[in-house]
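Next up, query26.cif (mmCIF, C-alpha atoms):
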```cif
data_entry
#
loop_
_atom_site.group_PDB
_atom_site.id
_atom_site.type_symbol
_atom_site.label_atom_id
_atom_site.label_comp_id
_atom_site.auth_asym_id
_atom_site.auth_seq_id
_atom_site.Cartn_x
_atom_site.Cartn_y
_atom_site.Cartn_z
ATOM 1 C CA MET A 1 0.000 0.000 0.000
ATOM 2 C CA ALA A 2 2.991 2.297 0.405
ATOM 3 C CA GLU A 3 3.276 2.494 -3.362
ATOM 4 C CA ASP A 4 -0.317 3.733 -3.544
ATOM 5 C CA ARG A 5 0.290 6.460 -0.976
ATOM 6 C CA ASP A 6 3.399 7.558 -2.868
ATOM 7 C CA THR A 7 1.562 7.892 -6.157
ATOM 8 C CA ARG A 8 -0.726 10.490 -4.580
ATOM 9 C CA GLU A 9 2.193 12.891 -4.189
ATOM 10 C CA PRO A 10 2.049 15.924 -6.500
ATOM 11 C CA ALA A 11 3.317 15.284 -10.028
ATOM 12 C CA ARG A 12 5.457 18.409 -9.743
ATOM 13 C CA ARG A 13 8.219 16.352 -8.131
ATOM 14 C CA PRO A 14 10.150 15.137 -11.194
ATOM 15 C CA GLY A 15 12.547 12.365 -10.364
ATOM 16 C CA GLY A 16 10.635 11.483 -7.179
ATOM 17 C CA ARG A 17 9.043 8.162 -6.297
ATOM 18 C CA THR A 18 5.891 8.991 -8.242
ATOM 19 C CA ALA A 19 7.885 9.487 -11.440
ATOM 20 C CA ARG A 20 9.775 6.245 -10.863
ATOM 21 C CA VAL A 21 6.556 4.307 -10.282
ATOM 22 C CA ARG A 22 5.017 5.717 -13.440
ATOM 23 C CA ARG A 23 8.172 4.862 -15.366
ATOM 24 C CA ARG A 24 8.041 1.239 -14.183
ATOM 25 C CA ILE A 25 4.393 0.983 -15.164
ATOM 26 C CA LEU A 26 5.050 2.357 -18.652
ATOM 27 C CA GLU A 27 8.031 0.057 -19.175
ATOM 28 C CA ALA A 28 5.979 -2.932 -18.037
ATOM 29 C CA ALA A 29 3.110 -1.976 -20.327
ATOM 30 C CA THR A 30 5.462 -1.595 -23.288
ATOM 31 C CA GLU A 31 7.008 -5.022 -22.658
ATOM 32 C CA LEU A 32 3.593 -6.654 -22.421
ATOM 33 C CA ILE A 33 2.275 -4.916 -25.537
ATOM 34 C CA ALA A 34 5.329 -6.126 -27.469
ATOM 35 C CA ARG A 35 4.681 -9.667 -26.211
ATOM 36 C CA ASP A 36 0.891 -9.942 -26.268
ATOM 37 C CA GLY A 37 -0.300 -7.096 -28.478
ATOM 38 C CA ILE A 38 -2.474 -4.156 -27.535
ATOM 39 C CA GLY A 39 -5.562 -6.290 -27.167
ATOM 40 C CA GLY A 40 -3.814 -8.596 -24.702
ATOM 41 C CA LEU A 41 -2.748 -5.874 -22.265
ATOM 42 C CA ARG A 42 -4.132 -6.541 -18.769
ATOM 43 C CA TYR A 43 -3.797 -4.258 -15.764
ATOM 44 C CA ASP A 44 -3.060 -7.082 -13.339
ATOM 45 C CA GLN A 45 -0.118 -8.223 -15.478
ATOM 46 C CA VAL A 46 1.172 -4.662 -15.778
ATOM 47 C CA ALA A 47 0.981 -4.266 -12.004
ATOM 48 C CA ARG A 48 2.757 -7.580 -11.398
ATOM 49 C CA LEU A 49 5.580 -6.800 -13.813
ATOM 50 C CA ALA A 50 5.977 -3.237 -12.508
ATOM 51 C CA GLU A 51 5.801 -4.491 -8.903
ATOM 52 C CA VAL A 52 2.993 -2.135 -7.895
ATOM 53 C CA ASN A 53 -0.598 -2.599 -6.815
ATOM 54 C CA LYS A 54 -3.195 -2.824 -9.575
ATOM 55 C CA THR A 55 -4.987 0.167 -8.042
ATOM 56 C CA THR A 56 -1.839 2.200 -8.669
ATOM 57 C CA VAL A 57 -2.059 1.455 -12.381
ATOM 58 C CA TYR A 58 -5.765 2.353 -12.465
ATOM 59 C CA ARG A 59 -5.201 5.552 -10.503
ATOM 60 C CA ASN A 60 -2.570 6.801 -12.943
ATOM 61 C CA TRP A 61 -4.301 5.481 -16.084
ATOM 62 C CA PRO A 62 -8.037 4.957 -15.561
ATOM 63 C CA ASP A 63 -8.329 4.852 -19.351
ATOM 64 C CA ARG A 64 -6.657 1.790 -20.885
ATOM 65 C CA ASN A 65 -6.168 3.446 -24.258
ATOM 66 C CA ALA A 66 -4.293 6.288 -22.573
ATOM 67 C CA LEU A 67 -1.950 3.766 -20.930
ATOM 68 C CA VAL A 68 -1.255 2.124 -24.292
ATOM 69 C CA ALA A 69 -0.622 5.475 -25.985
ATOM 70 C CA ASP A 70 1.652 6.707 -23.183
ATOM 71 C CA ALA A 71 3.622 3.456 -23.108
ATOM 72 C CA LEU A 72 4.261 3.378 -26.852
ATOM 73 C CA ALA A 73 4.981 7.103 -27.089
ATOM 74 C CA THR A 74 7.400 6.939 -24.162
ATOM 75 C CA PHE A 75 9.280 4.050 -25.748
ATOM 76 C CA GLY A 76 9.718 6.071 -28.926
ATOM 77 C CA ALA A 77 10.760 9.251 -27.120
ATOM 78 C CA ASP A 78 13.273 7.443 -24.925
ATOM 79 C CA ALA A 79 14.740 5.398 -27.753
ATOM 80 C CA ALA A 80 15.109 8.274 -30.221
ATOM 81 C CA PRO A 81 15.320 11.625 -28.439
ATOM 82 C CA MET A 82 15.499 14.805 -30.508
ATOM 83 C CA HIS A 83 18.245 17.206 -29.433
ATOM 84 C CA ASP A 84 19.019 20.797 -30.382
ATOM 85 C CA SER A 85 22.784 21.245 -30.683
ATOM 86 C CA GLY A 86 22.416 24.209 -33.020
ATOM 87 C CA ASP A 87 23.366 22.028 -36.001
ATOM 88 C CA LEU A 88 20.159 20.834 -37.682
ATOM 89 C CA ASP A 89 21.825 18.325 -40.001
ATOM 90 C CA ALA A 90 23.752 16.675 -37.157
ATOM 91 C CA ASP A 91 20.677 16.584 -34.935
ATOM 92 C CA LEU A 92 18.606 14.881 -37.642
ATOM 93 C CA VAL A 93 21.305 12.316 -38.363
ATOM 94 C CA ASP A 94 21.540 11.451 -34.660
ATOM 95 C CA PHE A 95 17.752 11.192 -34.418
ATOM 96 C CA LEU A 96 17.340 8.994 -37.506
ATOM 97 C CA GLU A 97 20.168 6.693 -36.473
ATOM 98 C CA ALA A 98 18.699 6.271 -32.976
ATOM 99 C CA LEU A 99 15.233 5.718 -34.431
ATOM 100 C CA ALA A 100 16.587 2.981 -36.706
ATOM 101 C CA VAL A 101 18.377 1.221 -33.847
ATOM 102 C CA ALA A 102 15.269 1.344 -31.651
ATOM 103 C CA THR A 103 12.941 0.175 -34.417
ATOM 104 C CA ALA A 104 15.254 -2.694 -35.371
ATOM 105 C CA SER A 105 15.583 -3.936 -31.779
ATOM 106 C CA PRO A 106 13.566 -7.043 -30.793
ATOM 107 C CA GLN A 107 11.148 -4.900 -28.812
ATOM 108 C CA GLY A 108 10.953 -2.320 -31.570
ATOM 109 C CA ARG A 109 10.159 -4.965 -34.189
ATOM 110 C CA SER A 110 7.508 -6.490 -31.957
ATOM 111 C CA LEU A 111 5.892 -3.120 -31.431
ATOM 112 C CA LEU A 112 6.066 -2.431 -35.167
ATOM 113 C CA ASN A 113 4.144 -5.646 -35.803
ATOM 114 C CA VAL A 114 1.618 -4.688 -33.131
ATOM 115 C CA VAL A 115 1.143 -1.294 -34.759
ATOM 116 C CA ALA A 116 0.667 -2.892 -38.178
ATOM 117 C CA SER A 117 -1.961 -5.318 -36.911
ATOM 118 C CA ALA A 118 -3.779 -2.536 -35.049
ATOM 119 C CA ARG A 119 -4.609 -0.896 -38.372
ATOM 120 C CA GLU A 120 -7.445 -3.373 -38.791
ATOM 121 C CA ASN A 121 -9.179 -2.145 -35.636
ATOM 122 C CA PRO A 122 -10.602 1.414 -35.750
ATOM 123 C CA GLU A 123 -10.220 1.968 -32.001
ATOM 124 C CA LEU A 124 -6.648 0.669 -31.890
ATOM 125 C CA ARG A 125 -5.837 2.533 -35.098
ATOM 126 C CA ALA A 126 -6.786 5.776 -33.359
ATOM 127 C CA ILE A 127 -4.362 4.946 -30.547
ATOM 128 C CA VAL A 128 -1.576 4.154 -33.004
ATOM 129 C CA ASP A 129 -2.199 7.389 -34.912
ATOM 130 C CA GLU A 130 -1.952 9.334 -31.655
ATOM 131 C CA VAL A 131 1.294 7.560 -30.760
ATOM 132 C CA PHE A 132 2.911 8.396 -34.087
ATOM 133 C CA ASP A 133 1.736 11.987 -33.817
ATOM 134 C CA ARG A 134 3.223 12.311 -30.340
ATOM 135 C CA ARG A 135 6.428 10.573 -31.374
ATOM 136 C CA LEU A 136 6.990 13.195 -34.069
ATOM 137 C CA THR A 137 6.173 16.130 -31.807
ATOM 138 C CA SER A 138 9.789 16.683 -30.748
ATOM 139 C CA LEU A 139 10.956 16.337 -34.352
ATOM 140 C CA ARG A 140 8.419 18.893 -35.558
ATOM 141 C CA ALA A 141 9.429 21.230 -32.724
ATOM 142 C CA ARG A 142 13.090 20.991 -33.795
ATOM 143 C CA LEU A 143 12.143 21.628 -37.425
ATOM 144 C CA GLN A 144 10.011 24.605 -36.400
ATOM 145 C CA THR A 145 12.999 26.027 -34.543
ATOM 146 C CA ALA A 146 15.063 25.582 -37.705
ATOM 147 C CA VAL A 147 12.450 27.513 -39.694
ATOM 148 C CA GLU A 148 12.475 30.310 -37.132
ATOM 149 C CA ARG A 149 16.273 30.454 -37.265
ATOM 150 C CA GLY A 150 16.243 30.648 -41.050
ATOM 151 C CA GLU A 151 17.854 27.225 -41.505
ATOM 152 C CA LEU A 152 14.778 26.006 -43.395
ATOM 153 C CA PRO A 153 12.095 27.739 -45.456
ATOM 154 C CA ALA A 154 8.503 27.645 -44.262
ATOM 155 C CA VAL A 155 7.279 24.110 -44.946
ATOM 156 C CA ASP A 156 4.625 21.570 -43.971
ATOM 157 C CA LEU A 157 6.369 20.173 -40.889
ATOM 158 C CA ALA A 158 4.199 17.059 -40.667
ATOM 159 C CA LEU A 159 5.053 16.135 -44.255
ATOM 160 C CA LEU A 160 8.735 16.910 -43.730
ATOM 161 C CA GLY A 161 8.804 14.720 -40.620
ATOM 162 C CA ALA A 162 7.217 11.843 -42.535
ATOM 163 C CA MET A 163 9.729 12.264 -45.371
ATOM 164 C CA LEU A 164 12.611 12.021 -42.901
ATOM 165 C CA THR A 165 11.363 9.073 -40.859
ATOM 166 C CA GLY A 166 9.683 7.097 -43.647
ATOM 167 C CA PRO A 167 12.921 5.601 -45.036
ATOM 168 C CA VAL A 168 13.819 4.284 -41.576
ATOM 169 C CA GLN A 169 10.538 2.377 -41.348
ATOM 170 C CA LEU A 170 11.048 1.084 -44.901
ATOM 171 C CA PHE A 171 14.577 -0.174 -44.244
ATOM 172 C CA VAL A 172 13.676 -1.883 -40.986
ATOM 173 C CA GLY A 173 10.443 -3.292 -42.360
ATOM 174 C CA ARG A 174 12.135 -4.856 -45.372
ATOM 175 C CA GLY A 175 15.029 -6.160 -43.286
ATOM 176 C CA ALA A 176 17.346 -6.271 -46.306
ATOM 177 C CA ARG A 177 20.188 -4.581 -44.459
ATOM 178 C CA THR A 178 20.906 -2.371 -41.486
ATOM 179 C CA PHE A 179 20.051 1.313 -41.671
ATOM 180 C CA THR A 180 23.443 2.929 -41.053
ATOM 181 C CA ARG A 181 24.601 6.372 -39.993
ATOM 182 C CA ALA A 182 25.672 6.922 -43.606
ATOM 183 C CA ASP A 183 22.084 6.225 -44.639
ATOM 184 C CA ALA A 184 20.883 8.746 -42.060
ATOM 185 C CA HIS A 185 23.263 11.316 -43.555
ATOM 186 C CA ARG A 186 21.967 10.666 -47.067
ATOM 187 C CA VAL A 187 18.300 10.803 -46.080
ATOM 188 C CA SER A 188 18.749 14.032 -44.154
ATOM 189 C CA ALA A 189 20.874 15.624 -46.900
ATOM 190 C CA ILE A 190 18.502 14.732 -49.743
ATOM 191 C CA VAL A 191 15.306 15.707 -47.928
ATOM 192 C CA LEU A 192 16.644 19.013 -46.601
ATOM 193 C CA ALA A 193 18.267 19.872 -49.930
ATOM 194 C CA GLY A 194 14.973 19.172 -51.657
ATOM 195 C CA VAL A 195 13.035 21.419 -49.298
ATOM 196 C CA ARG A 196 15.543 24.237 -49.718
ATOM 197 C CA ALA A 197 15.773 23.785 -53.482
ATOM 198 C CA VAL A 198 12.015 23.881 -53.975
ATOM 199 C CA ALA A 199 11.888 27.130 -52.026
ATOM 200 C CA ASP A 200 14.659 28.534 -54.239
ATOM 201 C CA GLY A 201 13.244 27.175 -57.521
ATOM 202 C CA ARG A 202 16.008 24.613 -58.047
ATOM 203 C CA ASP A 203 16.171 20.849 -58.690
ATOM 204 C CA VAL A 204 17.945 18.214 -56.583
ATOM 205 C CA ASP A 205 19.882 15.217 -57.919
ATOM 206 C CA GLU A 206 19.882 11.770 -56.273
ATOM 207 C CA SER A 207 22.940 12.611 -54.168
ATOM 208 C CA GLY A 208 21.175 15.548 -52.556
ATOM 209 C CA HIS A 209 22.914 18.316 -54.505
ATOM 210 C CA ALA A 210 20.807 21.217 -55.748
ATOM 211 C CA ARG A 211 21.215 22.562 -59.264
ATOM 212 C CA PRO A 212 19.534 25.348 -61.250
ATOM 213 C CA ARG A 213 16.501 24.384 -63.348
#
```
How does this structure look as structure tokens?
Amino acid sequence: MAEDRDTREPARRPGGRTARVRRRILEAATELIARDGIGGLRYDQVARLAEVNKTTVYRNWPDRNALVADALATFGADAAPMHDSGDLDADLVDFLEALAVATASPQGRSLLNVVASARENPELRAIVDEVFDRRLTSLRARLQTAVERGELPAVDLALLGAMLTGPVQLFVGRGARTFTRADAHRVSAIVLAGVRAVADGRDVDESGHARPR
């Protein structure tokens, strides 16, 4: 019961026991979703794996769909964080490389399969759509900062994010070979060059170099 009393502490204490309990619950939920799928997620199993009372799980996530969305989104954010070093190209390469590693991991592949199967269920599809939207939030924020700094022209950030991350999903999904840092460099270079070239009325070749039309 001590765990339950702790989870009633204000959420404003980052790094406190409440945050650690929530972290364990999310990690447990992610592991179970990867193993059993979204439809197989049960609160009692989450509580057992996280070593908390079931009431603790319910108190933090009374809505099961919210628990699923938070668990999947947290896995993505932790596995592929988006940093702002001041160098957009380097930040994108780091992000894409980390995203590829996370997606290609056993847990990442399991979750990818879960996401694919969820497309057949309207309710689960809504959860998956929310997860992907939240996963790209930090990327869109970094791209928006780049626009404000003049590193990029004004552009549809959602489309740009999909253009950057799409090749990672394709590589991992096909499984032909590993998505490397060199691949991340090429994807970032070609996509960003294309965005800049379109804004300037130029064309881009397959190596990512812009040339006059």
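Rounded to one decimal, CA of Asp156 in chain A and CA of Ala199 in chain A lie 12.2 Å from each other.
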Exercise for the section: Would you kindly identify which residues have an atom no farther than 12 Å from (22.6, 12.4, -44.1), using only C-alpha atoms and the file's own coordinates, and write them out as number ranges by chain? Expected result: A: 88-97, 164, 167, 179-193, 207-209
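Proximity to Gly175 in chain A was assessed for A:Glu130, A:Thr145, A:Arg125, A:Ser105 counting all atoms listed in the file; the smallest distance is recorded for A:Ser105.
For the atom pair formed by CA of Glu31 in chain A and CA of Pro81 in chain A, the distance is 19.5 Å, given to one decimal.
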Exercise for the section: Would you write out, as a ChimeraX atom specification, every residue that the PyMOL selection byres ((chain A and resi 39) around 10) captures in this file? Expected result: /A:33,36-38,40-42,68,114,118,124
Those same residues - C-alpha atoms - I'd like them written as a PDB file, in the coordinates of the input.
```pdb
ATOM      1  CA  ILE A  33       2.275  -4.916 -25.537  1.00  0.00           C
ATOM      2  CA  ASP A  36       0.891  -9.942 -26.268  1.00  0.00           C
ATOM      3  CA  GLY A  37      -0.300  -7.096 -28.478  1.00  0.00           C
ATOM      4  CA  ILE A  38      -2.474  -4.156 -27.535  1.00  0.00           C
ATOM      5  CA  GLY A  40      -3.814  -8.596 -24.702  1.00  0.00           C
ATOM      6  CA  LEU A  41      -2.748  -5.874 -22.265  1.00  0.00           C
ATOM      7  CA  ARG A  42      -4.132  -6.541 -18.769  1.00  0.00           C
ATOM      8  CA  VAL A  68      -1.255   2.124 -24.292  1.00  0.00           C
ATOM      9  CA  VAL A 114       1.618  -4.688 -33.131  1.00  0.00           C
ATOM     10  CA  ALA A 118      -3.779  -2.536 -35.049  1.00  0.00           C
ATOM     11  CA  LEU A 124      -6.648   0.669 -31.890  1.00  0.00           C
TER      12      LEU A 124
END
```
Practice task
Within 9 Å of Thr30 in chain A, counting only C-alpha atoms, which residues show up once you throw out same-chain ones fewer than 6 positions away? Write them as a list in words, please.
Solution key: Val68, Ala71, Leu72, Thr74, Phe75, Gln107 and Leu111 of chain A
